[in-house]
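Colleague: Below are the structure tokens for one structure; questions will follow.
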Amino acid sequence: MRLAAVAAALLIVFTGTPAHAAPGVSVQVDPASTSHVGRDFAGFSYEKDRVGARMFNARNADLVRLFRLLGPSLLRIGGNLVDMTTWNPQGTGGKANEVAPSDVRELALFAKVTGWKVVYGINLKTNTPENAADEARQAAEILGKDLVAFEIGNEPNVYVKTWPEYEALFTKFADAIRAKVPGAKFDGPGEANKTTWAMDFGRTQKDRGATILSTHQYIARNDKASIPDMLASTRSGRLPTASAAMQKAREATGIGQWRVTEANNYYHGGAAGVSDVQAAALWSLDYMSDVAARQGSGINFHGGTSVQFPLHYSPIKFDGLNPTGVQGVYYGELLWKLAGPGAYHAASVTGADEVTAWGIGNNVFVNNKSASAVTATITLPRKARHASVYVLTAPKLDSTEITIAGSKVEKNAKFTPKPRHIRVAGTKTAVDVPAGSAVLVVTR
């Protein structure tokens, strides 16, 4: 019997309704796993000046709810403006160009009410080790257990020419911080679109407090933005090459984890109609899968607002300090979060070139970037009896009218999905995946 006929028969058995006339694909999920997806895998990255601007305000109910819907996870504070934002221990707070202790207290309260942890960036380029150490000491005291690590500087390979020069500079700052914060933890080197220093950083800093090997990755500059290139970027080129290099560096140096602490599709803020639409949601899913497959611990998608340029790619869209809604990447992160934590499972797909799939636990993603709907016959890692199907879809790839299981996410985080329920026969099930859409099958 042909694959399409098998898939159609399965759909009739499992749903009780005739299947759509869609091409059939087969998804075989590998029962074995070599990596794990944690709760903080899908995180955010924001510019450092947003701390002084008081974007992280526990009284901003809509923003708190949007973080809670996606979390608990990890918020990285840094960006280009980390090296342009000063520390003022006597400051009154509330100023975007500097951070004062009261601003850090607001950030800590926001972290507490949302359940998110923090990677805290500190100015390297225009700072002194003594001033950095004072800020680190107060940040550690205020954030407490919600502080995961310090990130010293942003993308130092942009302004530091060589590894030895960077190592000497980083060591001065890290030693000063550790003198004031015994047991301080760090991530690094956080290069811009490179991984050249990752191996050396892990080798030299493992016993000096480094716990996260980090990199920052974008596809290309925003004047190169296109939906076809964005969707193809996880198959070859910079992103998968960097993931492979970071996995190799972590394994070789024994650092506990590697993470993309800043990423999005096109740098300099992305492009409207590419970075903020359904295609960006599908891209973010494939990129998270690529990082998870390479044993990465997560991605912090950059967003918020910036005084430098509009952030079209931001997962949450803002008017000033207030959220006005969510955009493509947020929907990708939300669908990922609905799968929950668990073992990452690779999957093979036969029958379509533009369909990818993978599993987390016994739940399965099928990501269809093609212009045609497909019917996916899925072999799960282990047996189940029932499943809920969440479809992330939009009218077109360049549409902002995105929903998951029939629900959009409102600016106050109202989200009322109505997943479809299907039966599973042992390890077999089948599901329709519309063109330009992704499906998450959650089993029970």
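Letters A, B, ... go to the chains of the structure tokens in the order shown; residues in each chain start at 1; ligands are counted from 1 in the same order.
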Do you have, as a Markdown table, the list of residues of stretch 276-376 of chain A lying at most 10 Å from stretch 412-426 of chain A, each with its nearest atom pair and that distance in Å to one decimal, counting only C-alpha atoms and ordered by chain then number?

Modeller:
```
| residue | atom | partner | partner_atom | distance |
| --- | --- | --- | --- | --- |
| A:Pro323 | CA | A:Asn412 | CA | 8.2 |
| A:Thr324 | CA | A:Asn412 | CA | 8.4 |
| A:Gly325 | CA | A:Asn412 | CA | 7.8 |
| A:Val326 | CA | A:Ala413 | CA | 8.8 |
```

Colleague: Restricting it to N, CA and C atoms, dump the selection as a compact mmCIF listing (two decimals), in the first residue's frame.

Modeller:
```txt
# COMPACT_ATOMS: atom_id res chain seq x y z
N PRO A 323 4.06 46.47 26.22
CA PRO A 323 3.84 45.53 25.13
C PRO A 323 2.52 45.81 24.41
N THR A 324 2.56 45.65 23.10
CA THR A 324 1.34 45.80 22.29
C THR A 324 0.92 44.49 21.64
N GLY A 325 1.71 43.45 21.82
CA GLY A 325 1.38 42.15 21.24
C GLY A 325 2.64 41.34 21.08
N VAL A 326 2.50 40.18 20.43
CA VAL A 326 3.65 39.33 20.17
C VAL A 326 3.77 39.07 18.68
```

Colleague: Could you give me, as a compact mmCIF listing (two decimals) with all heavy atoms, in the first residue's frame, the residues within 12 Å of stretch 108-116 of chain A, counting only C-alpha atoms and dropping anything in the same chain fewer than 5 positions from it?

Modeller:
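Result saved to result_27.txt:
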```txt
# COMPACT_ATOMS: atom_id res chain seq x y z
N ARG A 39 13.71 23.57 30.86
CA ARG A 39 12.61 24.54 30.88
C ARG A 39 13.05 25.93 30.41
O ARG A 39 12.22 26.72 29.95
CB ARG A 39 12.03 24.64 32.30
CG ARG A 39 11.30 23.38 32.75
CD ARG A 39 10.60 23.58 34.08
NE ARG A 39 10.00 22.35 34.56
CZ ARG A 39 8.82 21.89 34.15
NH1 ARG A 39 8.11 22.59 33.27
NH2 ARG A 39 8.33 20.75 34.62
N ASP A 40 14.34 26.22 30.52
CA ASP A 40 14.81 27.56 30.16
C ASP A 40 15.40 27.61 28.76
O ASP A 40 16.14 28.53 28.42
CB ASP A 40 15.84 28.04 31.18
CG ASP A 40 17.12 27.19 31.18
OD1 ASP A 40 17.15 26.15 30.51
OD2 ASP A 40 18.08 27.59 31.87
N PHE A 41 15.07 26.64 27.91
CA PHE A 41 15.68 26.57 26.59
C PHE A 41 15.33 27.80 25.75
O PHE A 41 16.20 28.42 25.14
CB PHE A 41 15.23 25.29 25.86
CG PHE A 41 16.03 24.99 24.62
CD1 PHE A 41 17.07 24.08 24.67
CD2 PHE A 41 15.76 25.61 23.42
CE1 PHE A 41 17.83 23.80 23.53
CE2 PHE A 41 16.50 25.35 22.29
CZ PHE A 41 17.54 24.45 22.34
N ALA A 42 14.06 28.15 25.67
CA ALA A 42 13.61 29.27 24.84
C ALA A 42 13.55 30.53 25.69
O ALA A 42 12.59 30.74 26.45
CB ALA A 42 12.24 28.96 24.23
N GLY A 43 14.58 31.37 25.59
CA GLY A 43 14.65 32.56 26.43
C GLY A 43 14.66 33.84 25.62
O GLY A 43 14.45 33.85 24.42
N PHE A 44 14.94 34.95 26.33
CA PHE A 44 15.00 36.27 25.71
C PHE A 44 16.35 36.92 25.99
O PHE A 44 17.02 36.62 26.98
CB PHE A 44 13.92 37.20 26.29
CG PHE A 44 12.51 36.89 25.87
CD1 PHE A 44 11.47 37.14 26.75
CD2 PHE A 44 12.21 36.37 24.62
CE1 PHE A 44 10.16 36.88 26.39
CE2 PHE A 44 10.91 36.09 24.26
CZ PHE A 44 9.87 36.35 25.14
N VAL A 51 17.31 48.16 31.47
CA VAL A 51 17.24 48.03 32.93
C VAL A 51 17.05 49.40 33.55
O VAL A 51 16.13 49.63 34.35
CB VAL A 51 18.51 47.34 33.48
CG1 VAL A 51 18.47 47.29 35.01
CG2 VAL A 51 18.63 45.93 32.92
N ARG A 54 13.74 51.02 33.05
CA ARG A 54 12.68 50.39 33.84
C ARG A 54 11.66 49.64 32.98
O ARG A 54 10.47 49.63 33.27
CB ARG A 54 11.97 51.41 34.74
CG ARG A 54 12.90 52.08 35.77
CD ARG A 54 13.26 51.12 36.87
NE ARG A 54 14.23 51.69 37.83
CZ ARG A 54 13.89 52.41 38.90
NH1 ARG A 54 12.62 52.66 39.15
NH2 ARG A 54 14.82 52.86 39.71
N MET A 55 12.16 49.01 31.91
CA MET A 55 11.29 48.13 31.14
C MET A 55 10.86 46.94 31.99
O MET A 55 9.73 46.46 31.88
CB MET A 55 11.99 47.66 29.87
CG MET A 55 11.20 46.63 29.06
SD MET A 55 11.87 46.38 27.40
CE MET A 55 11.15 47.80 26.54
N PHE A 56 11.76 46.47 32.85
CA PHE A 56 11.47 45.29 33.67
C PHE A 56 10.83 45.76 34.97
O PHE A 56 11.49 45.93 36.00
CB PHE A 56 12.75 44.48 33.89
CG PHE A 56 13.41 44.11 32.60
CD1 PHE A 56 14.57 44.75 32.19
CD2 PHE A 56 12.82 43.18 31.76
CE1 PHE A 56 15.16 44.44 30.98
CE2 PHE A 56 13.39 42.86 30.53
CZ PHE A 56 14.57 43.49 30.15
N ASN A 57 9.54 45.97 34.87
CA ASN A 57 8.75 46.55 35.95
C ASN A 57 7.70 45.53 36.37
O ASN A 57 6.83 45.17 35.57
CB ASN A 57 8.09 47.84 35.45
CG ASN A 57 7.31 48.58 36.51
OD1 ASN A 57 6.94 48.01 37.54
ND2 ASN A 57 7.04 49.85 36.26
N ALA A 58 7.77 45.06 37.60
CA ALA A 58 6.84 44.03 38.07
C ALA A 58 5.41 44.52 38.10
O ALA A 58 4.48 43.71 38.20
CB ALA A 58 7.25 43.57 39.47
N ARG A 59 5.20 45.84 37.97
CA ARG A 59 3.84 46.39 37.94
C ARG A 59 3.30 46.50 36.52
O ARG A 59 2.14 46.90 36.34
CB ARG A 59 3.83 47.76 38.63
CG ARG A 59 4.14 47.66 40.13
CD ARG A 59 4.44 48.99 40.76
NE ARG A 59 5.68 49.57 40.28
CZ ARG A 59 6.91 49.17 40.67
NH1 ARG A 59 7.03 48.18 41.54
NH2 ARG A 59 7.98 49.75 40.20
N ASN A 60 4.12 46.17 35.53
CA ASN A 60 3.67 46.13 34.14
C ASN A 60 3.01 44.77 33.92
O ASN A 60 3.63 43.80 33.50
CB ASN A 60 4.85 46.33 33.19
CG ASN A 60 4.42 46.50 31.74
OD1 ASN A 60 3.37 46.01 31.33
ND2 ASN A 60 5.24 47.18 30.96
N ALA A 61 1.72 44.70 34.23
CA ALA A 61 1.01 43.43 34.29
C ALA A 61 1.05 42.67 32.97
O ALA A 61 1.19 41.44 32.96
CB ALA A 61 -0.43 43.65 34.73
N ASP A 62 0.90 43.39 31.86
CA ASP A 62 0.88 42.70 30.56
C ASP A 62 2.23 42.05 30.27
O ASP A 62 2.29 40.90 29.80
CB ASP A 62 0.53 43.68 29.44
CG ASP A 62 -0.94 44.08 29.47
OD1 ASP A 62 -1.73 43.44 30.19
OD2 ASP A 62 -1.30 45.06 28.77
N LEU A 63 3.33 42.76 30.54
CA LEU A 63 4.65 42.19 30.28
C LEU A 63 4.92 41.01 31.20
O LEU A 63 5.48 40.00 30.77
CB LEU A 63 5.73 43.27 30.44
CG LEU A 63 7.13 42.86 30.00
CD1 LEU A 63 7.14 42.46 28.52
CD2 LEU A 63 8.13 43.98 30.26
N VAL A 64 4.54 41.13 32.45
CA VAL A 64 4.71 40.02 33.39
C VAL A 64 3.97 38.79 32.88
O VAL A 64 4.51 37.67 32.88
CB VAL A 64 4.21 40.41 34.79
CG1 VAL A 64 4.09 39.19 35.69
CG2 VAL A 64 5.16 41.43 35.43
N ARG A 65 2.74 38.97 32.42
CA ARG A 65 1.95 37.82 31.93
C ARG A 65 2.58 37.19 30.68
O ARG A 65 2.58 35.97 30.53
CB ARG A 65 0.52 38.25 31.64
CG ARG A 65 -0.28 38.64 32.88
CD ARG A 65 -1.74 38.90 32.51
NE ARG A 65 -2.48 39.45 33.62
CZ ARG A 65 -2.88 40.72 33.71
NH1 ARG A 65 -2.58 41.58 32.73
NH2 ARG A 65 -3.55 41.14 34.75
N LEU A 66 3.11 38.03 29.78
CA LEU A 66 3.73 37.49 28.57
C LEU A 66 4.99 36.69 28.90
O LEU A 66 5.25 35.66 28.28
CB LEU A 66 4.06 38.62 27.59
CG LEU A 66 2.85 39.25 26.89
CD1 LEU A 66 3.25 40.51 26.14
CD2 LEU A 66 2.19 38.25 25.93
N PHE A 67 5.77 37.13 29.87
CA PHE A 67 6.92 36.36 30.31
C PHE A 67 6.47 35.06 30.97
O PHE A 67 7.05 34.00 30.73
CB PHE A 67 7.78 37.19 31.28
CG PHE A 67 8.88 37.98 30.63
CD1 PHE A 67 8.60 39.04 29.78
CD2 PHE A 67 10.20 37.66 30.86
CE1 PHE A 67 9.62 39.77 29.18
CE2 PHE A 67 11.24 38.37 30.27
CZ PHE A 67 10.94 39.43 29.42
N ARG A 68 5.45 35.15 31.82
CA ARG A 68 4.98 33.94 32.50
C ARG A 68 4.43 32.91 31.53
O ARG A 68 4.63 31.70 31.71
CB ARG A 68 3.88 34.31 33.50
CG ARG A 68 4.38 34.93 34.79
CD ARG A 68 3.21 35.31 35.67
NE ARG A 68 3.61 35.77 36.99
CZ ARG A 68 2.79 36.34 37.85
NH1 ARG A 68 1.50 36.52 37.54
NH2 ARG A 68 3.23 36.74 39.03
N LEU A 69 3.76 33.36 30.47
CA LEU A 69 3.20 32.43 29.50
C LEU A 69 4.31 31.62 28.85
O LEU A 69 4.13 30.42 28.58
CB LEU A 69 2.39 33.19 28.43
CG LEU A 69 1.73 32.35 27.34
CD1 LEU A 69 0.73 31.35 27.93
CD2 LEU A 69 1.03 33.26 26.32
N LEU A 70 5.44 32.23 28.62
CA LEU A 70 6.54 31.54 27.96
C LEU A 70 7.49 30.86 28.95
O LEU A 70 8.20 29.92 28.60
CB LEU A 70 7.35 32.53 27.11
CG LEU A 70 8.28 31.94 26.07
CD1 LEU A 70 7.49 31.16 25.03
CD2 LEU A 70 9.07 33.05 25.39
N GLY A 71 7.49 31.30 30.18
CA GLY A 71 8.48 30.82 31.14
C GLY A 71 7.97 29.69 32.01
O GLY A 71 6.93 29.09 31.72
N PRO A 72 8.75 29.42 33.10
CA PRO A 72 9.97 30.14 33.49
C PRO A 72 11.13 29.86 32.56
O PRO A 72 11.27 28.75 32.06
CB PRO A 72 10.25 29.61 34.90
CG PRO A 72 9.66 28.23 34.89
CD PRO A 72 8.44 28.31 34.02
N SER A 73 11.96 30.90 32.35
CA SER A 73 13.08 30.71 31.44
C SER A 73 14.22 31.62 31.84
O SER A 73 14.33 32.00 33.01
CB SER A 73 12.63 30.96 29.99
OG SER A 73 13.62 30.50 29.08
N LEU A 74 15.06 31.99 30.86
CA LEU A 74 16.29 32.73 31.15
C LEU A 74 16.30 34.03 30.37
O LEU A 74 16.16 34.04 29.14
CB LEU A 74 17.50 31.88 30.77
CG LEU A 74 18.87 32.48 31.05
CD1 LEU A 74 19.08 32.67 32.55
CD2 LEU A 74 19.98 31.59 30.48
N LEU A 75 16.50 35.14 31.08
CA LEU A 75 16.61 36.48 30.49
C LEU A 75 18.06 36.90 30.50
O LEU A 75 18.67 37.01 31.56
CB LEU A 75 15.75 37.47 31.28
CG LEU A 75 15.93 38.95 30.95
CD1 LEU A 75 15.50 39.25 29.51
CD2 LEU A 75 15.13 39.81 31.94
N ARG A 76 18.60 37.16 29.33
CA ARG A 76 19.98 37.66 29.24
C ARG A 76 19.93 39.17 29.03
O ARG A 76 19.24 39.68 28.14
CB ARG A 76 20.70 36.98 28.09
CG ARG A 76 22.11 37.54 27.80
CD ARG A 76 22.08 38.47 26.60
NE ARG A 76 23.42 38.95 26.26
CZ ARG A 76 23.66 39.67 25.18
NH1 ARG A 76 22.69 39.98 24.32
NH2 ARG A 76 24.88 40.11 24.93
N ILE A 77 20.65 39.90 29.87
CA ILE A 77 20.76 41.35 29.78
C ILE A 77 22.11 41.69 29.19
O ILE A 77 23.15 41.32 29.75
CB ILE A 77 20.62 42.01 31.18
CG1 ILE A 77 19.27 41.67 31.81
CG2 ILE A 77 20.82 43.51 31.08
CD1 ILE A 77 18.07 42.23 31.08
N PRO A 101 21.57 51.00 41.66
CA PRO A 101 21.08 49.88 42.47
C PRO A 101 19.56 49.74 42.47
O PRO A 101 19.06 48.61 42.44
CB PRO A 101 21.61 50.22 43.87
CG PRO A 101 22.86 50.99 43.61
CD PRO A 101 22.57 51.81 42.39
N SER A 102 18.83 50.85 42.46
CA SER A 102 17.36 50.75 42.45
C SER A 102 16.85 50.12 41.17
O SER A 102 15.82 49.44 41.17
CB SER A 102 16.73 52.13 42.65
OG SER A 102 17.12 53.02 41.62
N ASP A 103 17.56 50.31 40.05
CA ASP A 103 17.16 49.67 38.79
C ASP A 103 17.34 48.16 38.88
O ASP A 103 16.52 47.39 38.37
CB ASP A 103 18.00 50.21 37.62
CG ASP A 103 17.85 51.71 37.42
OD1 ASP A 103 16.72 52.20 37.53
OD2 ASP A 103 18.87 52.36 37.17
N GLN A 138 26.90 44.25 43.88
CA GLN A 138 25.54 44.66 44.23
C GLN A 138 24.49 43.87 43.44
O GLN A 138 23.44 43.51 43.99
CB GLN A 138 25.38 46.17 43.99
CG GLN A 138 26.28 47.00 44.89
CD GLN A 138 25.74 48.39 45.13
OE1 GLN A 138 24.55 48.58 45.37
NE2 GLN A 138 26.63 49.38 45.07
N ALA A 139 24.78 43.57 42.18
CA ALA A 139 23.85 42.76 41.39
C ALA A 139 23.69 41.37 41.99
O ALA A 139 22.58 40.82 42.06
CB ALA A 139 24.32 42.66 39.95
N ALA A 140 24.80 40.78 42.45
CA ALA A 140 24.74 39.45 43.06
C ALA A 140 23.94 39.48 44.35
O ALA A 140 23.15 38.57 44.63
CB ALA A 140 26.15 38.93 43.32
N GLU A 141 24.13 40.51 45.15
CA GLU A 141 23.39 40.62 46.41
C GLU A 141 21.90 40.81 46.16
O GLU A 141 21.06 40.23 46.86
CB GLU A 141 23.94 41.78 47.23
CG GLU A 141 25.33 41.55 47.78
CD GLU A 141 25.88 42.78 48.50
OE1 GLU A 141 25.19 43.83 48.49
OE2 GLU A 141 27.00 42.70 49.05
N ILE A 142 21.55 41.60 45.16
CA ILE A 142 20.15 41.93 44.91
C ILE A 142 19.43 40.80 44.19
O ILE A 142 18.31 40.43 44.54
CB ILE A 142 20.06 43.24 44.09
CG1 ILE A 142 20.57 44.42 44.93
CG2 ILE A 142 18.62 43.50 43.65
CD1 ILE A 142 20.79 45.69 44.13
N LEU A 143 20.06 40.22 43.18
CA LEU A 143 19.41 39.17 42.40
C LEU A 143 19.42 37.82 43.11
O LEU A 143 18.54 36.99 42.90
CB LEU A 143 20.08 39.03 41.03
CG LEU A 143 19.80 40.16 40.04
CD1 LEU A 143 20.81 40.14 38.90
CD2 LEU A 143 18.38 40.06 39.49
N GLY A 144 20.42 37.58 43.94
CA GLY A 144 20.48 36.35 44.70
C GLY A 144 20.50 35.12 43.81
O GLY A 144 21.24 35.03 42.83
N LYS A 145 19.64 34.15 44.13
CA LYS A 145 19.62 32.88 43.41
C LYS A 145 19.08 33.00 41.99
O LYS A 145 19.19 32.06 41.20
CB LYS A 145 18.79 31.86 44.19
CG LYS A 145 19.42 31.44 45.51
CD LYS A 145 18.57 30.40 46.23
CE LYS A 145 19.21 29.97 47.53
NZ LYS A 145 18.39 28.96 48.25
N ASP A 146 18.49 34.16 41.67
CA ASP A 146 17.99 34.35 40.31
C ASP A 146 19.09 34.78 39.34
O ASP A 146 18.84 34.91 38.15
CB ASP A 146 16.86 35.38 40.30
CG ASP A 146 15.60 34.84 40.95
OD1 ASP A 146 15.40 33.61 40.91
OD2 ASP A 146 14.82 35.64 41.51
N LEU A 147 20.30 35.00 39.83
CA LEU A 147 21.45 35.31 38.98
C LEU A 147 22.12 34.01 38.54
O LEU A 147 22.57 33.23 39.37
CB LEU A 147 22.45 36.19 39.73
CG LEU A 147 23.76 36.48 39.01
CD1 LEU A 147 23.53 37.31 37.75
CD2 LEU A 147 24.73 37.19 39.96
N VAL A 148 22.18 33.79 37.24
CA VAL A 148 22.79 32.56 36.69
C VAL A 148 24.27 32.77 36.40
O VAL A 148 25.10 31.91 36.69
CB VAL A 148 22.04 32.12 35.42
CG1 VAL A 148 22.79 31.00 34.70
CG2 VAL A 148 20.63 31.67 35.76
```

Colleague: Within 7 Å of stretch 390-405 of chain A, counting only C-alpha atoms, which residues qualify if same-chain residues fewer than 2 places away don't, as a list in words?

Modeller: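 These residues fall inside the cut-off: Gly273, Val274, Asp276, Val277, Gln278, Ala279, Ser388, Ser407, Lys408, Pro417, Lys418, Pro419, Arg420, Gly436, Ser437, Ala438, Val439, Leu440 and Val441 of chain A.
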
Colleague: Counting only C-alpha atoms, which residues of stretch 158-260 of chain A sit at most 12 Å from some atom of stretch 306-313 of chain A, and what is each one's closest atom pair with its distance in Å to one decimal, listed by chain and rising residue number, as a tab-separated table?

Modeller:
```
residue	atom	partner	partner_atom	distance
A:Tyr218	CA	A:Tyr313	CA	11.2
A:Asn222	CA	A:His312	CA	9.9
A:Ala225	CA	A:Tyr313	CA	11.3
```

Colleague: Can you work out the spacing between atom CA of A:Lys172 and atom CA of A:Pro129 in Å, to one decimal?

Modeller: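 These two atoms are separated by 6.4 Å.
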
Colleague: So which residues touch stretch 263-268 of chain A within 9 Å, counting only C-alpha atoms, skipping near sequence neighbours fewer than 2 positions away, as a ChimeraX atom specification?

Modeller: /A:45,215-225,230,260-261,270-271,274-275,280,283-284,299-303,308-311,313-314,329

Colleague: Excluding A:Asp187 and residues on its chain fewer than 4 positions from it, collect all residues at most 7 Å away from it, counting only C-alpha atoms, and give them as a list in words.

Modeller: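 The neighbour list is Ala149, Phe150, Glu151, Ala210, Thr211, Ile212, Leu213 and Ser214 of chain A.
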
Colleague: If you run DSSP on the backbone here, which positions in stretch 107-296 of chain A get helix (DSSP H, G or I)? Please write them as a count of residues only.

Modeller: 99

Colleague: Can you tell me, as a PyMOL selection string, what residues are no more than 8 Å from A:Val181 when counting only C-alpha atoms, ignoring any on the same chain fewer than 4 positions away?

Modeller: chain A and resi 133+136-137+140+177

Colleague: Which one of A:Ser26, A:Thr162, A:Ser35, A:Gln205 sits closest to A:Val291 if you count only C-alpha atoms?

Modeller: A:Ser35

Colleague: Identify, on the basis of only C-alpha atoms, every residue whose closest approach to stretch 241-243 of chain A does not exceed 10 Å; exclude the query and any residue fewer than 6 positions from it along the same chain; express the result as a list of chain:residue names.

Modeller: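 My list of contacting residues is A:Asn193, A:Lys194, A:Thr195, A:Thr196, A:Thr215, A:His216, A:Gln217, A:Thr234, A:Arg235, A:Ala249, A:Trp258, A:Arg259, A:Val260, A:Tyr287, A:Asp290, A:Val291, A:Ala292, A:Ala293, A:Arg294, A:Gln295, A:Gly296.
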
Colleague: Any chance you could export the current selection's C-alpha atoms as a compact mmCIF listing (two decimals), in the first residue's frame?

Modeller:
```txt
# COMPACT_ATOMS: atom_id res chain seq x y z
CA ASN A 193 28.69 35.43 14.51
CA LYS A 194 31.88 33.51 15.27
CA THR A 195 33.07 30.70 17.52
CA THR A 196 36.83 31.22 17.09
CA THR A 215 27.95 32.62 21.15
CA HIS A 216 25.80 35.21 19.37
CA GLN A 217 24.38 34.25 16.01
CA THR A 234 19.19 26.21 9.49
CA ARG A 235 20.16 23.60 6.89
CA ALA A 249 34.25 23.17 22.19
CA TRP A 258 26.90 25.95 25.68
CA ARG A 259 24.19 28.44 24.76
CA VAL A 260 23.32 31.02 22.11
CA TYR A 287 16.88 26.83 14.83
CA ASP A 290 19.37 22.54 15.52
CA VAL A 291 20.81 23.85 18.80
CA ALA A 292 19.13 21.11 20.85
CA ALA A 293 20.41 18.43 18.48
CA ARG A 294 23.94 19.74 19.10
CA GLN A 295 23.44 19.52 22.88
CA GLY A 296 23.00 23.27 23.31
```

Colleague: So the first atom is atom CA of A:Ser372 and the second is atom CA of A:Ser289; what is the distance between them in Å, to one decimal place?

Modeller: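 So the answer is 22.3 Å.
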
Colleague: Within stretch 129-200 of chain A, find each residue whose DSSP state, derived from the backbone, is strand (DSSP E or B), and express the selection as a PyMOL selection string.

Modeller: chain A and resi 147-152+186-192

Colleague: Since we have the selection now, will you write its residues out, keeping all heavy atoms, as a short mmCIF file (atom, residue, chain, number, x, y, z; two decimals), in the first residue's frame?

Modeller:
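Written out: again-v1.cif:
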```cif
data_model
loop_
_atom_site.label_atom_id
_atom_site.label_comp_id
_atom_site.auth_asym_id
_atom_site.auth_seq_id
_atom_site.Cartn_x
_atom_site.Cartn_y
_atom_site.Cartn_z
N LEU A 147 20.30 35.00 39.83
CA LEU A 147 21.45 35.31 38.98
C LEU A 147 22.12 34.01 38.54
O LEU A 147 22.57 33.23 39.37
CB LEU A 147 22.45 36.19 39.73
CG LEU A 147 23.76 36.48 39.01
CD1 LEU A 147 23.53 37.31 37.75
CD2 LEU A 147 24.73 37.19 39.96
N VAL A 148 22.18 33.79 37.24
CA VAL A 148 22.79 32.56 36.69
C VAL A 148 24.27 32.77 36.40
O VAL A 148 25.10 31.91 36.69
CB VAL A 148 22.04 32.12 35.42
CG1 VAL A 148 22.79 31.00 34.70
CG2 VAL A 148 20.63 31.67 35.76
N ALA A 149 24.60 33.91 35.79
CA ALA A 149 25.99 34.17 35.42
C ALA A 149 26.15 35.64 35.06
O ALA A 149 25.17 36.34 34.76
CB ALA A 149 26.41 33.30 34.23
N PHE A 150 27.41 36.09 35.08
CA PHE A 150 27.76 37.41 34.54
C PHE A 150 28.29 37.24 33.13
O PHE A 150 29.02 36.29 32.83
CB PHE A 150 28.84 38.08 35.39
CG PHE A 150 28.40 38.48 36.78
CD1 PHE A 150 28.89 37.81 37.89
CD2 PHE A 150 27.49 39.52 36.96
CE1 PHE A 150 28.49 38.17 39.16
CE2 PHE A 150 27.08 39.89 38.24
CZ PHE A 150 27.57 39.21 39.33
N GLU A 151 27.92 38.17 32.26
CA GLU A 151 28.48 38.22 30.91
C GLU A 151 29.25 39.52 30.80
O GLU A 151 28.65 40.61 30.89
CB GLU A 151 27.37 38.14 29.85
CG GLU A 151 27.88 38.07 28.43
CD GLU A 151 26.76 37.85 27.42
OE1 GLU A 151 26.29 36.70 27.29
OE2 GLU A 151 26.34 38.83 26.78
N ILE A 152 30.56 39.45 30.65
CA ILE A 152 31.41 40.64 30.65
C ILE A 152 31.59 41.12 29.21
O ILE A 152 32.28 40.49 28.41
CB ILE A 152 32.77 40.35 31.29
CG1 ILE A 152 32.60 39.79 32.70
CG2 ILE A 152 33.62 41.62 31.33
CD1 ILE A 152 33.89 39.36 33.37
N PHE A 186 30.41 32.84 35.20
CA PHE A 186 30.51 33.66 33.99
C PHE A 186 30.09 32.85 32.76
O PHE A 186 30.18 31.63 32.74
CB PHE A 186 31.95 34.14 33.78
CG PHE A 186 32.50 34.93 34.93
CD1 PHE A 186 33.27 34.29 35.90
CD2 PHE A 186 32.25 36.28 35.05
CE1 PHE A 186 33.79 35.01 36.97
CE2 PHE A 186 32.76 37.00 36.12
CZ PHE A 186 33.53 36.37 37.08
N ASP A 187 29.63 33.59 31.73
CA ASP A 187 29.53 32.98 30.41
C ASP A 187 30.45 33.74 29.47
O ASP A 187 30.88 34.86 29.75
CB ASP A 187 28.08 32.94 29.91
CG ASP A 187 27.63 34.22 29.19
OD1 ASP A 187 28.20 34.54 28.13
OD2 ASP A 187 26.72 34.89 29.69
N GLY A 188 30.75 33.14 28.35
CA GLY A 188 31.61 33.79 27.37
C GLY A 188 32.05 32.77 26.31
O GLY A 188 31.75 31.59 26.43
N PRO A 189 32.74 33.21 25.28
CA PRO A 189 33.16 34.59 25.03
C PRO A 189 32.10 35.45 24.36
O PRO A 189 32.28 36.65 24.23
CB PRO A 189 34.36 34.41 24.11
CG PRO A 189 34.06 33.15 23.36
CD PRO A 189 33.34 32.26 24.33
N GLY A 190 31.00 34.87 23.87
CA GLY A 190 29.91 35.65 23.27
C GLY A 190 30.32 36.41 22.04
O GLY A 190 29.94 37.58 21.86
N GLU A 191 31.07 35.77 21.14
CA GLU A 191 31.50 36.45 19.91
C GLU A 191 30.33 36.72 18.97
O GLU A 191 29.32 36.01 18.98
CB GLU A 191 32.51 35.59 19.17
CG GLU A 191 33.82 35.37 19.89
CD GLU A 191 34.63 34.29 19.22
OE1 GLU A 191 35.40 34.63 18.30
OE2 GLU A 191 34.50 33.12 19.60
N ALA A 192 30.48 37.73 18.14
CA ALA A 192 29.48 38.08 17.13
C ALA A 192 29.67 37.20 15.91
O ALA A 192 30.66 37.33 15.18
CB ALA A 192 29.59 39.54 16.74
#
```

Colleague: Taking only C-alpha atoms into account, which of A:Arg444, A:Lys185, A:Arg208, A:Lys48 comes nearest A:Thr86?

Modeller: A:Lys48

Colleague: Please compute the atom CA of A:Ala371-atom CA of A:Glu354 distance, one decimal, in Å.

Modeller: 9.1 Å

Colleague: Using only C-alpha atoms, which residue out of A:Gly256, A:His345, A:Gly406, A:Thr305 lies closest to A:Thr34?

Modeller: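 Closest candidate: A:His345.
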